[in-house]
Amino acid sequence: MKTMNRVFKYAFWKLKGTKVYALVGKSGTGKSFRSKLVAQKYHIDMIIDDGLLIRGDRIIAGKSAKREDNVLSAVRTAVFDDQDHQKEVQEALAKETYHKVLIIGTSEKMVYKIAARLNLPQPEKLFRIEDIATKEQIDTAMRIRYSEGKHVIPVPSIEITRNYPQIVYDSMRVFLKKNRGMPFKRRNVSFEKTIVRPEFSKYSKVTVSEAALTQMVAHCLDEFDNQIKVKRVQVQVKAEGYALTVKLRVPMQHQISTTLGELQEYIADSLEKYGSIFVASVNIEIEEWG
């Protein structure tokens with residue numbers, strides 16, 4: 001039955017001519033800011049970013065993960081965990097006329113999950129932030145994120161203040177000139193972005209207990225693979241951030257659908273993005289059971 005459903009969905013989207021793209025990169029590297037460049041180059045109609053469905057300069061549907069006041073609810077919003085949230089965006093997509101959608105996420109696993117939850121086809125082309133931004137631009141974006149807790153939503157501030165006035169920090173019109181070095185800057189473009197400071201990132205330094213971190217990691221991993229259970233998270237505070245040792249319990253014979261390196265990166269990205277917790281390293285220990 002599942003195979004038939006997948007075939008039916010594939011045929012439906014093929015007939016409709018809908019293509020899905022993905023933009024992936026670590027937290028704070030400027031994905032939301034540069035999503036407009038990808039959309040303009042590939043004539044993409046819709047952007048899905050942190051729980052929002054965006055078309056041009058308008059928010060069509062959804063709710064922003066950046067309005068949440070804690071890491072757990074922010075993660076759930078970003079990946080459309082709530083069924084009412086899913087349904088709202090699914091219905092909005094059904095009403096709109098479009099051919100291309102761009103999903104933004106911190107990992108391939110995340111964008112695939114979002115596509116599935118919104119009944120969209122899986123991304124057929126994946127961009128990495130390193131493909132469209134220089135190392136200097138990425139470093140600048142990360143410095144601003146981690147020193148000041150600022151995030152970007154790629155629509156004008158008037159769109160944000162209607163629903164979330166408390167998180168708006170500033171707005172900026174961006175002008176990008178021709179640059180032979182980067183493939184997405186073939187002509188001058190401009191757009192407005194809104195700079196926000198969510199509740200979960202208003203403090204530059206956060207002290208978090210091992211119990212709280214265990215709960216956060218457990219929730220993130222439940223989204224990643226619900227067969228993996230967190231036994232304990234041990235924390236060592238260093239100058240560059242938290243060094244975590246994550247002890248996991250995995251059922252015998254269960255195949256984790258990714259490498260340990262990708263799992264480490266997923267945990268670090270989730271904590272940094274939604275909890276402003278600066279992770280220096282993640283060490284994973286696995287214990288089999290069952």
# chains A, B, ... in the order shown; residues from 1 in each chain; ligands from 1
>>> select_by_dssp(residues="stretch 11-133 of chain A", states="strand (DSSP E or B)", output="list in words")
Lys19, Val20, Tyr21, Ala22, Leu23, Val24, Met46, Ile47, Ile48, Asp49, Leu52, Leu53, Ile54, Arg55, Arg58, Ile59, Ile60, Ala61, Gly62, Lys100, Val101, Leu102, Ile103, Ile104, Gly105, Lys125, Leu126, Phe127 and Arg128 of chain A
>>> residues_around(residues="stretch 217-232 of chain A", least_positions_apart="5", cutoff="7 Å", atoms="only C-alpha atoms", output="list in words")
Leu72, Val246, Lys247, Leu248, Arg249, Val250, Ile267 and Ser270 of chain A
>>> write_last_selection(atoms="C-alpha atoms", output="JSON list (two decimals), in the first residue's frame")
[["chain", "number", "residue", "atom", "x", "y", "z"],
["A", 72, "LEU", "CA", 11.83, 21.94, 22.10],
["A", 246, "VAL", "CA", 25.87, 11.70, 24.36],
["A", 247, "LYS", "CA", 25.17, 8.15, 25.52],
["A", 248, "LEU", "CA", 22.59, 6.43, 23.31],
["A", 249, "ARG", "CA", 20.64, 3.18, 23.51],
["A", 250, "VAL", "CA", 19.87, 1.56, 20.15],
["A", 267, "ILE", "CA", 22.64, 17.32, 17.39],
["A", 270, "SER", "CA", 19.69, 21.64, 16.58]]
>>> atom_distance(atom1="atom CA of A:Thr259", atom2="atom CA of A:Met110")
14.8 Å
>>> atom_distance(atom1="atom CA of A:Ile277", atom2="atom CA of A:Asp69")
14.0 Å
>>> residues_around(residues="A:Glu130", least_positions_apart="5", cutoff="10 Å", atoms="only C-alpha atoms", output="MDAnalysis selection string")
chainID A and resid 24:25 29 31 135 137:138
>>> write_last_selection(atoms="N, CA and C atoms", output="tab-separated table (two decimals), in the first residue's frame")
chain	number	residue	atom	x	y	z
A	24	VAL	N	20.70	23.50	2.13
A	24	VAL	CA	21.13	22.91	3.38
A	24	VAL	C	22.42	23.56	3.87
A	25	GLY	N	22.50	23.77	5.17
A	25	GLY	CA	23.72	24.32	5.76
A	25	GLY	C	23.59	24.39	7.26
A	29	THR	N	24.59	30.07	9.16
A	29	THR	CA	25.48	30.30	8.02
A	29	THR	C	24.88	31.20	6.95
A	31	LYS	N	21.55	30.83	5.46
A	31	LYS	CA	20.68	30.17	4.48
A	31	LYS	C	19.44	30.99	4.18
A	135	LYS	N	33.49	31.75	2.09
A	135	LYS	CA	33.83	31.41	3.48
A	135	LYS	C	33.74	32.64	4.37
A	137	GLN	N	31.77	35.25	3.98
A	137	GLN	CA	30.37	35.58	4.21
A	137	GLN	C	29.74	34.64	5.24
A	138	ILE	N	30.08	33.37	5.17
A	138	ILE	CA	29.56	32.40	6.13
A	138	ILE	C	30.09	32.70	7.52
>>> residues_around(residues="A:Ala22", least_positions_apart="5", cutoff="7 Å", atoms="only C-alpha atoms", output="count of residues only")
8
>>> residues_around(residues="stretch 76-92 of chain A", least_positions_apart="2", cutoff="8 Å", atoms="only C-alpha atoms", output="mmCIF file with C-alpha atoms, in the first residue's frame")
data_model
loop_
_atom_site.group_PDB
_atom_site.id
_atom_site.type_symbol
_atom_site.label_atom_id
_atom_site.label_comp_id
_atom_site.auth_asym_id
_atom_site.auth_seq_id
_atom_site.Cartn_x
_atom_site.Cartn_y
_atom_site.Cartn_z
ATOM 1 C CA ASP A 49 11.709 28.144 5.984
ATOM 2 C CA ASP A 50 11.467 27.505 9.743
ATOM 3 C CA GLY A 51 7.779 26.633 9.707
ATOM 4 C CA LEU A 53 5.423 29.096 3.663
ATOM 5 C CA ILE A 60 1.245 32.572 2.833
ATOM 6 C CA ALA A 61 0.788 30.189 5.761
ATOM 7 C CA GLY A 62 2.445 28.522 8.742
ATOM 8 C CA LYS A 63 3.962 29.751 11.964
ATOM 9 C CA SER A 64 7.546 30.757 12.638
ATOM 10 C CA ALA A 65 9.825 28.643 14.801
ATOM 11 C CA LEU A 72 11.828 21.940 22.097
ATOM 12 C CA SER A 73 8.856 23.794 20.643
ATOM 13 C CA ALA A 74 11.077 25.561 18.092
ATOM 14 C CA ALA A 94 -3.192 23.188 -2.658
ATOM 15 C CA LYS A 95 -4.731 26.610 -3.300
ATOM 16 C CA GLU A 96 -1.627 28.186 -4.860
ATOM 17 C CA MET A 110 15.448 17.549 7.865
ATOM 18 C CA LYS A 113 11.185 14.979 6.513
ATOM 19 C CA ILE A 114 9.565 18.371 5.835
ATOM 20 C CA ARG A 117 5.088 15.853 6.085
ATOM 21 C CA LEU A 118 3.771 18.427 3.622
ATOM 22 C CA ASN A 119 3.016 15.758 1.001
#
>>> residues_around(residues="stretch 38-48 of chain A", least_positions_apart="3", cutoff="6 Å", atoms="only C-alpha atoms", output="JSON, numbers by chain")
{"A": [35, 52, 53, 54, 55, 98, 100, 101, 102, 103]}
>>> write_last_selection(atoms="N, CA and C atoms", output="mmCIF file, in the first residue's frame")
data_model
loop_
_atom_site.group_PDB
_atom_site.id
_atom_site.type_symbol
_atom_site.label_atom_id
_atom_site.label_comp_id
_atom_site.auth_asym_id
_atom_site.auth_seq_id
_atom_site.Cartn_x
_atom_site.Cartn_y
_atom_site.Cartn_z
ATOM 1 N N SER A 35 18.546 32.515 0.526
ATOM 2 C CA SER A 35 17.526 31.725 -0.176
ATOM 3 C C SER A 35 16.921 32.494 -1.343
ATOM 4 N N LEU A 52 7.460 28.383 8.053
ATOM 5 C CA LEU A 52 6.679 29.328 7.252
ATOM 6 C C LEU A 52 6.661 28.935 5.778
ATOM 7 N N LEU A 53 5.536 29.207 5.121
ATOM 8 C CA LEU A 53 5.423 29.096 3.663
ATOM 9 C C LEU A 53 5.438 30.509 3.108
ATOM 10 N N ILE A 54 6.458 30.809 2.297
ATOM 11 C CA ILE A 54 6.696 32.168 1.819
ATOM 12 C C ILE A 54 6.596 32.201 0.302
ATOM 13 N N ARG A 55 5.922 33.225 -0.221
ATOM 14 C CA ARG A 55 5.877 33.451 -1.663
ATOM 15 C C ARG A 55 6.260 34.912 -1.912
ATOM 16 N N TYR A 98 1.837 27.018 -8.572
ATOM 17 C CA TYR A 98 3.297 27.113 -8.506
ATOM 18 C C TYR A 98 3.890 25.878 -9.168
ATOM 19 N N LYS A 100 7.669 25.353 -8.526
ATOM 20 C CA LYS A 100 8.918 25.043 -7.828
ATOM 21 C C LYS A 100 8.855 25.509 -6.374
ATOM 22 N N VAL A 101 9.400 24.662 -5.498
ATOM 23 C CA VAL A 101 9.425 24.932 -4.062
ATOM 24 C C VAL A 101 10.846 24.741 -3.553
ATOM 25 N N LEU A 102 11.289 25.640 -2.668
ATOM 26 C CA LEU A 102 12.604 25.527 -2.034
ATOM 27 C C LEU A 102 12.406 25.288 -0.534
ATOM 28 N N ILE A 103 12.955 24.179 -0.030
ATOM 29 C CA ILE A 103 12.891 23.870 1.401
ATOM 30 C C ILE A 103 14.262 24.140 2.015
#
>>> select_by_dssp(residues="stretch 15-162 of chain A", states="alpha helix (DSSP H)", output="JSON, numbers by chain")
{"A": [15, 16, 31, 32, 33, 34, 35, 36, 37, 38, 39, 40, 41, 71, 72, 73, 74, 75, 76, 77, 78, 83, 84, 85, 86, 87, 88, 89, 90, 91, 92, 93, 94, 95, 108, 109, 110, 111, 112, 113, 114, 115, 116, 117, 129, 130, 131, 132, 135, 136, 137, 138, 139, 140, 141, 142, 143, 144, 145, 146, 147, 148, 157, 158, 159, 160, 161]}
>>> atom_distance(atom1="atom CA of A:Leu93", atom2="atom CA of A:Gly56")
14.2 Å
>>> closest_residue(among="A:Met216, A:Ile129, A:Val279, A:Met252", to="A:Lys26", atoms="only C-alpha atoms")
A:Ile129
